[in-house]
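See below for structure.cif, which holds mmCIF, C-alpha atoms.
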```cif
data_protein
loop_
_atom_site.label_atom_id
_atom_site.label_comp_id
_atom_site.auth_asym_id
_atom_site.auth_seq_id
_atom_site.Cartn_x
_atom_site.Cartn_y
_atom_site.Cartn_z
CA MET A 1 118.35 39.48 -76.04
CA ARG A 2 116.58 37.87 -78.98
CA LYS A 3 113.25 39.43 -79.83
CA GLY A 4 110.16 37.72 -81.19
CA PHE A 5 107.06 39.42 -82.52
CA PRO A 6 105.28 42.01 -80.37
CA GLU A 7 103.32 40.38 -77.57
CA PRO A 8 99.81 40.74 -79.12
CA MET A 9 101.08 38.88 -82.19
CA GLU A 10 102.77 36.15 -80.17
CA THR A 11 99.51 35.63 -78.26
CA LEU A 12 97.46 35.33 -81.43
CA ILE A 13 100.02 32.99 -83.03
CA LYS A 14 99.78 30.77 -79.95
CA GLN A 15 95.99 30.74 -80.16
CA PHE A 16 95.89 29.93 -83.86
CA SER A 17 98.41 27.13 -83.23
CA LYS A 18 95.90 25.42 -80.94
CA MET A 19 93.58 24.81 -83.88
CA PRO A 20 93.63 21.36 -85.46
CA GLY A 21 96.08 21.07 -88.34
CA ILE A 22 97.60 24.52 -87.75
CA GLY A 23 101.34 24.49 -87.08
CA ALA A 24 103.50 27.36 -85.84
CA ARG A 25 104.29 28.46 -89.38
CA SER A 26 100.65 28.56 -90.56
CA ALA A 27 99.67 30.39 -87.38
CA GLN A 28 102.32 33.00 -88.12
CA ARG A 29 101.08 33.45 -91.70
CA MET A 30 97.49 33.73 -90.48
CA THR A 31 98.54 36.44 -88.01
CA PHE A 32 100.30 38.37 -90.78
CA HIS A 33 97.14 37.98 -92.84
CA ILE A 34 95.13 39.59 -90.02
CA LEU A 35 97.64 42.45 -89.91
CA LYS A 36 97.40 43.06 -93.63
CA SER A 37 93.63 42.67 -94.00
CA ALA A 38 91.26 45.60 -94.13
CA LYS A 39 89.82 46.61 -90.76
CA GLU A 40 86.29 45.73 -91.92
CA ASP A 41 87.32 42.23 -92.99
CA VAL A 42 88.86 41.58 -89.59
CA GLU A 43 85.73 42.86 -87.86
CA GLU A 44 83.66 40.59 -90.06
CA LEU A 45 85.85 37.65 -89.08
CA THR A 46 85.53 38.24 -85.33
CA ARG A 47 81.79 38.76 -85.77
CA SER A 48 81.48 35.46 -87.66
CA ILE A 49 83.40 33.60 -84.96
CA LYS A 50 81.08 35.01 -82.29
CA ASN A 51 78.05 34.26 -84.41
CA VAL A 52 79.02 30.60 -84.77
CA LYS A 53 79.78 30.26 -81.07
CA GLU A 54 76.58 31.95 -79.94
CA ASN A 55 74.01 30.83 -82.48
CA ILE A 56 74.85 27.30 -83.53
CA ARG A 57 73.07 24.61 -81.53
CA PHE A 58 71.90 21.04 -82.05
CA CYS A 59 68.62 20.42 -83.83
CA LYS A 60 66.13 19.29 -81.19
CA THR A 61 64.91 16.50 -83.47
CA CYS A 62 68.00 15.02 -85.12
CA ASN A 63 70.95 16.67 -83.24
CA ASN A 64 72.45 17.99 -86.44
CA LEU A 65 74.05 21.44 -86.22
CA SER A 66 71.57 24.23 -86.76
CA ASP A 67 71.08 27.93 -86.27
CA ARG A 68 67.43 27.36 -85.42
CA GLU A 69 65.58 25.01 -83.07
CA THR A 70 64.87 22.62 -85.93
CA CYS A 71 67.53 22.13 -88.60
CA SER A 72 67.07 22.85 -92.28
CA ILE A 73 66.84 19.15 -93.13
CA CYS A 74 64.19 18.26 -90.54
CA SER A 75 62.12 21.28 -91.56
CA ASP A 76 62.39 20.57 -95.29
CA ASN A 77 59.09 19.21 -96.56
CA THR A 78 60.60 17.75 -99.72
CA ARG A 79 62.68 15.25 -97.73
CA ASP A 80 61.61 11.63 -97.59
CA LYS A 81 60.29 11.27 -94.03
CA ILE A 82 60.11 7.48 -93.90
CA LYS A 83 63.88 6.98 -93.80
CA ILE A 84 66.37 7.83 -91.07
CA CYS A 85 70.09 7.63 -91.66
CA VAL A 86 71.94 7.25 -88.35
CA VAL A 87 75.39 8.86 -88.26
CA GLU A 88 77.97 9.66 -85.63
CA SER A 89 78.53 13.35 -86.26
CA PRO A 90 77.35 16.45 -88.11
CA ALA A 91 80.45 16.02 -90.32
CA SER A 92 78.97 12.73 -91.56
CA VAL A 93 75.70 14.49 -92.40
CA TYR A 94 77.71 17.02 -94.36
CA ALA A 95 79.56 14.30 -96.30
CA MET A 96 76.28 12.53 -97.15
CA GLU A 97 74.62 15.79 -98.19
CA LYS A 98 77.59 16.73 -100.33
CA SER A 99 77.29 13.44 -102.19
CA GLY A 100 73.65 14.21 -102.93
CA ILE A 101 72.69 10.52 -102.90
CA TYR A 102 70.25 10.58 -100.00
CA ASN A 103 67.02 12.49 -99.50
CA GLY A 104 65.71 11.14 -96.19
CA LEU A 105 66.14 12.32 -92.60
CA TYR A 106 69.11 11.92 -90.27
CA HIS A 107 69.75 11.11 -86.66
CA VAL A 108 73.09 12.26 -85.28
CA LEU A 109 74.33 10.23 -82.31
CA LEU A 110 76.94 12.85 -81.36
CA GLY A 111 79.56 10.19 -80.75
CA GLU A 112 80.25 6.49 -80.93
CA LEU A 113 80.28 3.73 -78.35
CA SER A 114 83.73 3.43 -76.86
CA PRO A 115 83.85 1.51 -73.57
CA ILE A 116 87.59 2.20 -73.31
CA ASP A 117 86.90 5.95 -73.21
CA GLY A 118 83.87 5.50 -70.94
CA VAL A 119 81.36 6.31 -73.68
CA GLY A 120 78.30 4.10 -73.18
CA PRO A 121 74.84 4.19 -74.81
CA ASP A 122 73.62 6.85 -72.36
CA GLU A 123 76.24 9.29 -73.61
CA LEU A 124 74.89 9.04 -77.15
CA LYS A 125 71.53 10.13 -78.55
CA ILE A 126 70.30 6.53 -78.78
CA LYS A 127 67.26 6.78 -76.49
CA GLU A 128 66.15 9.73 -78.59
CA LEU A 129 66.52 7.66 -81.76
CA VAL A 130 64.35 4.87 -80.34
CA GLN A 131 61.70 7.40 -79.29
CA ARG A 132 61.79 8.98 -82.71
CA VAL A 133 61.36 5.69 -84.54
CA LYS A 134 58.59 4.54 -82.20
CA GLY A 135 56.42 7.62 -82.56
CA SER A 136 56.62 8.08 -86.32
CA LYS A 137 56.06 6.63 -89.77
CA ILE A 138 59.73 5.71 -90.17
CA GLU A 139 60.00 2.57 -92.33
CA GLU A 140 63.77 2.18 -92.62
CA VAL A 141 66.70 2.96 -90.36
CA ILE A 142 69.98 3.07 -92.29
CA ILE A 143 72.93 2.65 -89.96
CA ALA A 144 75.80 4.73 -91.30
CA THR A 145 78.26 4.84 -88.43
CA ASP A 146 81.94 4.68 -89.43
CA PHE A 147 83.57 1.36 -90.30
CA THR A 148 85.97 1.63 -87.38
CA THR A 149 85.97 -0.59 -84.29
CA GLU A 150 83.87 1.94 -82.39
CA GLY A 151 81.56 2.60 -85.33
CA GLU A 152 80.98 -1.13 -85.84
CA THR A 153 80.34 -1.63 -82.11
CA THR A 154 77.81 1.19 -82.23
CA ALA A 155 76.16 -0.32 -85.32
CA LEU A 156 75.83 -3.72 -83.61
CA TYR A 157 74.32 -2.13 -80.53
CA LEU A 158 71.84 -0.13 -82.61
CA PHE A 159 70.86 -3.25 -84.49
CA GLU A 160 70.05 -5.04 -81.24
CA ILE A 161 68.10 -2.17 -79.76
CA LEU A 162 66.11 -1.39 -82.91
CA LYS A 163 65.21 -5.00 -83.75
CA PRO A 164 62.06 -5.10 -81.56
CA LEU A 165 60.68 -2.00 -83.28
CA LYS A 166 59.78 -3.80 -86.51
CA VAL A 167 61.33 -1.31 -88.92
CA LYS A 168 63.63 -2.29 -91.72
CA ILE A 169 67.24 -1.91 -90.54
CA SER A 170 70.11 -1.67 -92.99
CA ARG A 171 73.81 -0.92 -92.86
CA LEU A 172 75.90 0.79 -95.55
CA ALA A 173 77.79 -1.72 -97.68
CA ARG A 174 81.44 -2.47 -97.06
CA GLY A 175 83.90 -3.28 -99.83
CA VAL A 176 86.65 -2.07 -102.09
CA PRO A 177 86.19 1.66 -102.71
CA ILE A 178 85.43 2.90 -106.23
CA GLY A 179 88.72 3.48 -108.00
CA GLY A 180 90.44 1.26 -105.44
CA THR A 181 92.75 -1.48 -106.64
CA LEU A 182 92.94 -4.93 -105.09
CA GLU A 183 96.69 -4.52 -104.93
CA TYR A 184 96.42 -1.72 -102.39
CA ALA A 185 93.27 -2.77 -100.53
CA ASP A 186 93.91 -3.78 -96.92
CA VAL A 187 93.23 -7.35 -95.80
CA GLY A 188 90.11 -6.46 -93.78
CA THR A 189 88.52 -4.66 -96.71
CA LEU A 190 89.39 -7.47 -99.12
CA GLN A 191 87.94 -10.07 -96.76
CA MET A 192 84.71 -8.07 -96.38
CA ALA A 193 84.43 -7.53 -100.12
CA PHE A 194 84.87 -11.25 -100.61
CA GLU A 195 82.39 -12.35 -97.94
CA GLU A 196 79.76 -9.87 -99.05
CA ARG A 197 80.21 -10.53 -102.76
CA LYS A 198 77.02 -10.36 -104.84
CA SER A 199 76.03 -12.90 -107.44
CA ALA A 200 75.89 -11.38 -110.87
CA MET B 201 67.75 20.03 -101.90
CA ARG B 202 71.21 19.29 -100.54
CA LYS B 203 72.04 21.01 -97.27
CA GLY B 204 75.40 22.34 -96.13
CA PHE B 205 76.25 23.61 -92.68
CA PRO B 206 74.06 26.28 -91.08
CA GLU B 207 74.70 29.68 -92.61
CA PRO B 208 76.86 31.13 -89.76
CA MET B 209 79.19 28.15 -90.12
CA GLU B 210 79.37 28.42 -93.91
CA THR B 211 80.25 32.10 -93.55
CA LEU B 212 83.04 31.41 -91.08
CA ILE B 213 84.40 28.53 -93.19
CA LYS B 214 84.54 30.89 -96.16
CA GLN B 215 86.40 33.51 -94.13
CA PHE B 216 88.93 31.05 -92.74
CA SER B 217 89.47 29.75 -96.29
CA LYS B 218 90.70 33.19 -97.35
CA MET B 219 93.70 32.87 -95.06
CA PRO B 220 97.00 31.85 -96.66
CA GLY B 221 97.57 28.09 -96.67
CA ILE B 222 94.08 27.30 -95.35
CA GLY B 223 92.03 25.06 -97.64
CA ALA B 224 88.32 24.25 -97.42
CA ARG B 225 88.99 21.22 -95.26
CA SER B 226 91.19 23.03 -92.72
CA ALA B 227 88.67 25.87 -92.57
CA GLN B 228 85.95 23.35 -91.76
CA ARG B 229 88.03 21.78 -88.99
CA MET B 230 88.83 25.20 -87.57
CA THR B 231 85.13 26.06 -87.52
CA PHE B 232 84.33 22.82 -85.68
CA HIS B 233 87.13 23.71 -83.26
CA ILE B 234 85.43 27.04 -82.55
CA LEU B 235 82.15 25.20 -81.95
CA LYS B 236 83.72 22.80 -79.49
CA SER B 237 85.92 25.29 -77.63
CA ALA B 238 84.95 26.83 -74.32
CA LYS B 239 83.15 30.16 -74.62
CA GLU B 240 86.00 31.96 -72.81
CA ASP B 241 88.62 30.58 -75.21
CA VAL B 242 86.64 31.83 -78.19
CA GLU B 243 86.24 35.25 -76.58
CA GLU B 244 89.98 35.31 -75.96
CA LEU B 245 90.60 34.49 -79.61
CA THR B 246 88.40 37.28 -80.95
CA ARG B 247 89.96 39.68 -78.44
CA SER B 248 93.46 38.71 -79.59
CA ILE B 249 92.54 39.22 -83.24
CA LYS B 250 91.20 42.68 -82.45
CA ASN B 251 94.23 43.45 -80.33
CA VAL B 252 96.62 42.61 -83.15
CA LYS B 253 94.62 44.63 -85.66
CA GLU B 254 94.26 47.66 -83.42
CA ASN B 255 97.56 47.81 -81.59
CA ILE B 256 100.26 46.60 -83.93
CA ARG B 257 101.97 49.35 -85.92
CA PHE B 258 105.34 49.95 -87.53
CA CYS B 259 108.23 51.15 -85.37
CA LYS B 260 108.80 54.82 -86.20
CA THR B 261 112.55 54.24 -86.35
CA CYS B 262 113.08 50.90 -88.11
CA ASN B 263 109.57 49.98 -89.45
CA ASN B 264 109.59 46.64 -87.66
CA LEU B 265 106.26 45.53 -86.20
CA SER B 266 105.65 46.87 -82.73
CA ASP B 267 102.95 47.44 -80.15
CA ARG B 268 104.60 50.71 -79.15
CA GLU B 269 105.90 53.75 -81.03
CA THR B 270 109.42 52.38 -80.85
CA CYS B 271 109.96 48.63 -81.17
CA SER B 272 111.58 46.44 -78.56
CA ILE B 273 114.80 46.14 -80.56
CA CYS B 274 115.29 49.88 -81.16
CA SER B 275 114.59 50.59 -77.50
CA ASP B 276 116.93 47.86 -76.21
CA ASN B 277 120.09 49.47 -74.82
CA THR B 278 122.08 46.26 -74.98
CA ARG B 279 121.93 46.17 -78.80
CA ASP B 280 124.95 47.18 -80.82
CA LYS B 281 123.94 50.58 -82.21
CA ILE B 282 126.69 50.93 -84.79
CA LYS B 283 125.30 48.26 -87.13
CA ILE B 284 122.11 48.28 -89.19
CA CYS B 285 120.88 45.18 -90.94
CA VAL B 286 118.58 46.09 -93.85
CA VAL B 287 115.82 43.58 -94.53
CA GLU B 288 112.69 43.46 -96.66
CA SER B 289 110.09 42.51 -94.08
CA PRO B 290 109.35 41.99 -90.38
CA ALA B 291 109.41 38.24 -91.12
CA SER B 292 113.11 38.57 -92.02
CA VAL B 293 113.75 40.33 -88.69
CA TYR B 294 112.04 37.43 -86.95
CA ALA B 295 114.17 34.86 -88.81
CA MET B 296 117.37 36.73 -87.92
CA GLU B 297 116.33 37.12 -84.27
CA LYS B 298 115.42 33.46 -84.04
CA SER B 299 118.91 32.53 -85.21
CA GLY B 300 120.38 34.64 -82.44
CA ILE B 301 123.47 35.50 -84.51
CA TYR B 302 123.01 39.26 -84.71
CA ASN B 303 122.86 41.90 -82.00
CA GLY B 304 122.70 45.15 -83.96
CA LEU B 305 119.77 47.25 -85.21
CA TYR B 306 117.50 46.69 -88.20
CA HIS B 307 115.91 48.72 -90.93
CA VAL B 308 112.85 47.18 -92.54
CA LEU B 309 112.20 48.37 -96.10
CA LEU B 310 108.63 47.03 -96.13
CA GLY B 311 109.03 45.62 -99.61
CA GLU B 312 111.50 45.10 -102.41
CA LEU B 313 112.14 46.93 -105.65
CA SER B 314 110.01 45.45 -108.39
CA PRO B 315 109.64 47.67 -111.47
CA ILE B 316 107.33 45.09 -113.03
CA ASP B 317 104.86 45.56 -110.15
CA GLY B 318 105.40 49.31 -110.08
CA VAL B 319 107.35 49.26 -106.83
CA GLY B 320 110.07 51.90 -107.04
CA PRO B 321 112.44 53.32 -104.38
CA ASP B 322 109.79 55.79 -103.18
CA GLU B 323 107.48 52.93 -102.20
CA LEU B 324 110.12 51.53 -99.85
CA LYS B 325 111.58 52.99 -96.68
CA ILE B 326 114.86 53.86 -98.40
CA LYS B 327 114.87 57.62 -97.84
CA GLU B 328 114.34 56.91 -94.16
CA LEU B 329 117.32 54.55 -94.16
CA VAL B 330 119.58 57.19 -95.70
CA GLN B 331 118.41 59.75 -93.12
CA ARG B 332 119.03 57.30 -90.34
CA VAL B 333 122.55 56.47 -91.46
CA LYS B 334 123.41 60.14 -92.02
CA GLY B 335 122.37 61.35 -88.63
CA SER B 336 123.91 58.63 -86.47
CA LYS B 337 127.03 56.75 -85.43
CA ILE B 338 126.23 53.83 -87.73
CA GLU B 339 129.48 52.27 -88.92
CA GLU B 340 128.20 49.33 -90.98
CA VAL B 341 125.13 48.69 -93.09
CA ILE B 342 124.55 44.97 -93.69
CA ILE B 343 122.29 44.42 -96.68
CA ALA B 344 120.20 41.35 -96.04
CA THR B 345 117.50 41.50 -98.69
CA ASP B 346 116.50 38.15 -100.18
CA PHE B 347 118.61 36.46 -102.83
CA THR B 348 115.81 36.68 -105.38
CA THR B 349 115.80 38.86 -108.49
CA GLU B 350 113.92 41.61 -106.65
CA GLY B 351 116.03 41.26 -103.52
CA GLU B 352 119.26 41.50 -105.52
CA THR B 353 117.96 44.51 -107.46
CA THR B 354 117.13 46.19 -104.16
CA ALA B 355 120.59 45.34 -102.78
CA LEU B 356 122.30 46.87 -105.82
CA TYR B 357 120.21 50.02 -105.54
CA LEU B 358 120.98 50.34 -101.82
CA PHE B 359 124.66 49.88 -102.51
CA GLU B 360 124.64 52.78 -105.00
CA ILE B 361 122.69 55.10 -102.78
CA LEU B 362 124.66 54.37 -99.61
CA LYS B 363 128.12 54.56 -101.20
CA PRO B 364 128.48 58.36 -100.79
CA LEU B 365 127.77 58.08 -97.06
CA LYS B 366 131.15 56.60 -96.20
CA VAL B 367 129.90 53.74 -94.03
CA LYS B 368 131.02 50.17 -94.44
CA ILE B 369 128.48 48.34 -96.63
CA SER B 370 128.28 44.57 -96.66
CA ARG B 371 126.00 41.93 -98.11
CA LEU B 372 125.22 38.52 -96.62
CA ALA B 373 127.31 35.78 -98.22
CA ARG B 374 125.90 33.56 -100.93
CA GLY B 375 126.85 29.93 -101.32
CA VAL B 376 125.92 26.31 -100.76
CA PRO B 377 123.74 26.11 -97.61
CA ILE B 378 125.02 24.23 -94.58
CA GLY B 379 124.06 20.59 -94.95
CA GLY B 380 123.56 21.16 -98.68
CA THR B 381 125.17 18.74 -101.12
CA LEU B 382 126.79 19.78 -104.38
CA GLU B 383 124.74 17.14 -106.11
CA TYR B 384 121.49 18.95 -105.36
CA ALA B 385 122.69 22.57 -105.45
CA ASP B 386 121.28 24.61 -108.34
CA VAL B 387 123.59 26.00 -111.00
CA GLY B 388 123.29 29.61 -109.82
CA THR B 389 124.21 28.71 -106.25
CA LEU B 390 127.13 26.56 -107.38
CA GLN B 391 128.44 29.29 -109.62
CA MET B 392 128.24 31.85 -106.77
CA ALA B 393 129.91 29.48 -104.35
CA PHE B 394 132.70 28.98 -106.85
CA GLU B 395 133.21 32.66 -107.70
CA GLU B 396 133.15 33.70 -104.07
CA ARG B 397 135.37 30.87 -102.87
CA LYS B 398 137.73 31.74 -100.03
CA SER B 399 141.38 30.76 -99.96
CA ALA B 400 142.14 28.45 -97.08
#
```

Take the structure from the file and write it as structure tokens.
Amino acid sequence: MRKGFPEPMETLIKQFSKMPGIGARSAQRMTFHILKSAKEDVEELTRSIKNVKENIRFCKTCNNLSDRETCSICSDNTRDKIKICVVESPASVYAMEKSGIYNGLYHVLLGELSPIDGVGPDELKIKELVQRVKGSKIEEVIIATDFTTEGETTALYLFEILKPLKVKISRLARGVPIGGTLEYADVGTLQMAFEERKSA
Amino acid sequence: MRKGFPEPMETLIKQFSKMPGIGARSAQRMTFHILKSAKEDVEELTRSIKNVKENIRFCKTCNNLSDRETCSICSDNTRDKIKICVVESPASVYAMEKSGIYNGLYHVLLGELSPIDGVGPDELKIKELVQRVKGSKIEEVIIATDFTTEGETTALYLFEILKPLKVKISRLARGVPIGGTLEYADVGTLQMAFEERKSA
């Protein structure tokens, strides 16, 4: 009979394989890595996994990921508290923060409108956004949902629902990406870049 | 100030990034996967990691990975106990077993001779191999170290040291791989395939 790895290894390989982007081969290498690592490093890894699972929650103000009730951005007094950038996910917050171009607050919707998947406005943190804007000195809401069908639908919906609140509402610009060539730009992007061209 | 993920997440991302083949982006996706997974699944994962680290050892006979003192191959009575296939690592055993072409025993050297890295015969399980062959009914030793410089050096050394024992010694064949075209074969492979050609 053909033999695989010992059962504890096969189990771990199977579990690693469930992770996004991890194939059977990577899972096998990761398991060998665990085997070879120092005992303390492995203990540190399992502790870190537990720590993430047990201590990360959503910020009660903006729904960003946080290890405290209020996230590090909402509790940072140097941030510009008259702007809210509305994004779909904590990953978007991370991308914006990494770019370092924005110093205001965020509001994470924790999803995007997708009628086909049964995701309506009540499933997203939209009511909370409206409440937040109403009871504050917010002057501008920057809608930064993705430029996908669902992201655009969400943006349109937000626009409608925020209009009565008399704050400035803006949407990130669409166009040809920096470094992008017209030759390889898709038709939709080209069309948008053309329609939204700016006079010099 | 720019903000990253909460500290427990950053720590876990850093630890995942240390694994072979896992870049910053994969590590981030894996961490999000942990966040989204059910609590029980995460507990199962940490338990499996611990289980591998604490319960996997080397088989006392062949040095293959095992969760018991003697591995499942050495303790399998249906295996052909007159042949030993000598390989560098447990991963080689796995590759051979997956192919299903071999039903004998193994001996894992746990490394390869590499004078440049200070790995001499005493660092490998070579003495143990000699002992094993001496005190048994082994009739053939199949040397299946890799066809790299170190693997070939190891094979040569094994050949010399096993010669006095009067067992049949063989080495896996070298040549153009199945499905390989002459056009893309490297010079070394072509030369070997030519020298070791078989008369029809």

Near-Ile273 (chain B) list (12 Å; only C-alpha atoms; drop same-chain fewer than 4 positions) as a PyMOL selection string: (chain A and resi 1-6) or (chain B and resi 259-269+277-281+284+290+293-294+297+302-307)

Residues picked by the PyMOL selection byres ((chain A and resi 139-148) around 7) here, as a PyMOL selection string? chain A and resi 82-88+137-138+149-152+155+167-172

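What separates CA of Leu329 (chain B) from CA of Leu313 (chain B) is a distance of 14.7 Å.
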
I'd like the residues picked by the PyMOL selection byres ((chain A and resi 21-37) around 7) written out as an MDAnalysis selection string, using the chain letters and numbers from the file. (chainID A and resid 9 12:13 16:17 19:20 38:39 41:42) or (chainID B and resid 219:221 226 252:253)

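If you measure from each of A:Leu124, A:Leu165, A:Ile56, A:Leu158 to Glu112 (chain A) using only C-alpha atoms, the closest one turns out to be A:Leu124.
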
Nearest residue to chain B from the set A:Lys98, A:Arg174, A:Arg132, A:Lys14 (distances using only C-alpha atoms): A:Lys98

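Between CA of Thr246 (chain B) and CA of Glu10 (chain A) lies a distance of 14.4 Å.
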
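As for CA of Val376 (chain B) and CA of Leu356 (chain B), they are spaced 21.5 Å apart.
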
Expansion of the PyMOL selection byres ((chain B and resi 323) around 9) into residues, as a count of residues only: 13

Would you mind completing region 132-140 of chain A so that it carries all heavy atoms, and writing it out as a compact mmCIF listing (two decimals), keeping the file's coordinate frame?
```
# COMPACT_ATOMS: atom_id res chain seq x y z
N ARG A 132 62.13 8.41 -81.42
CA ARG A 132 61.79 8.98 -82.71
C ARG A 132 61.19 7.93 -83.64
O ARG A 132 60.20 8.17 -84.34
CB ARG A 132 63.05 9.53 -83.38
CG ARG A 132 62.99 10.98 -83.71
CD ARG A 132 64.27 11.40 -84.40
NE ARG A 132 64.01 11.89 -85.72
CZ ARG A 132 64.94 12.24 -86.59
NH1 ARG A 132 66.21 12.11 -86.27
NH2 ARG A 132 64.60 12.69 -87.79
N VAL A 133 61.82 6.75 -83.64
CA VAL A 133 61.36 5.69 -84.54
C VAL A 133 59.99 5.18 -84.08
O VAL A 133 59.09 4.96 -84.89
CB VAL A 133 62.39 4.54 -84.58
CG1 VAL A 133 61.85 3.37 -85.40
CG2 VAL A 133 63.71 5.04 -85.17
N LYS A 134 59.86 5.04 -82.75
CA LYS A 134 58.59 4.54 -82.20
C LYS A 134 57.41 5.43 -82.58
O LYS A 134 56.38 4.96 -83.01
CB LYS A 134 58.68 4.50 -80.66
CG LYS A 134 59.08 3.16 -80.10
CD LYS A 134 59.08 3.23 -78.58
CE LYS A 134 59.47 1.90 -77.96
NZ LYS A 134 59.80 2.07 -76.53
N GLY A 135 57.58 6.73 -82.40
CA GLY A 135 56.42 7.62 -82.56
C GLY A 135 56.31 8.21 -83.94
O GLY A 135 55.94 9.37 -84.07
N SER A 136 56.64 7.46 -84.99
CA SER A 136 56.62 8.08 -86.32
C SER A 136 56.32 7.06 -87.40
O SER A 136 56.09 5.88 -87.12
CB SER A 136 57.98 8.70 -86.61
OG SER A 136 58.93 7.66 -86.79
N LYS A 137 56.34 7.51 -88.64
CA LYS A 137 56.06 6.63 -89.77
C LYS A 137 57.34 6.08 -90.40
O LYS A 137 57.34 5.66 -91.56
CB LYS A 137 55.27 7.40 -90.84
CG LYS A 137 53.87 7.78 -90.39
CD LYS A 137 53.24 8.70 -91.42
CE LYS A 137 52.11 9.51 -90.81
NZ LYS A 137 51.89 10.78 -91.55
N ILE A 138 58.44 6.19 -89.66
CA ILE A 138 59.73 5.71 -90.17
C ILE A 138 59.61 4.25 -90.61
O ILE A 138 59.13 3.41 -89.87
CB ILE A 138 60.81 5.81 -89.07
CG1 ILE A 138 60.99 7.25 -88.60
CG2 ILE A 138 62.14 5.22 -89.55
CD1 ILE A 138 61.57 8.20 -89.61
N GLU A 139 60.06 3.95 -91.85
CA GLU A 139 60.00 2.57 -92.33
C GLU A 139 61.37 1.92 -92.39
O GLU A 139 61.48 0.70 -92.36
CB GLU A 139 59.36 2.55 -93.73
CG GLU A 139 57.86 2.84 -93.67
CD GLU A 139 57.24 2.92 -95.06
OE1 GLU A 139 57.90 2.50 -96.04
OE2 GLU A 139 56.09 3.40 -95.16
N GLU A 140 62.42 2.76 -92.53
CA GLU A 140 63.77 2.18 -92.62
C GLU A 140 64.77 3.01 -91.83
O GLU A 140 64.78 4.23 -91.91
CB GLU A 140 64.22 2.09 -94.08
CG GLU A 140 65.60 1.46 -94.21
CD GLU A 140 66.05 1.25 -95.66
OE1 GLU A 140 65.27 1.61 -96.57
OE2 GLU A 140 67.16 0.75 -95.85
```
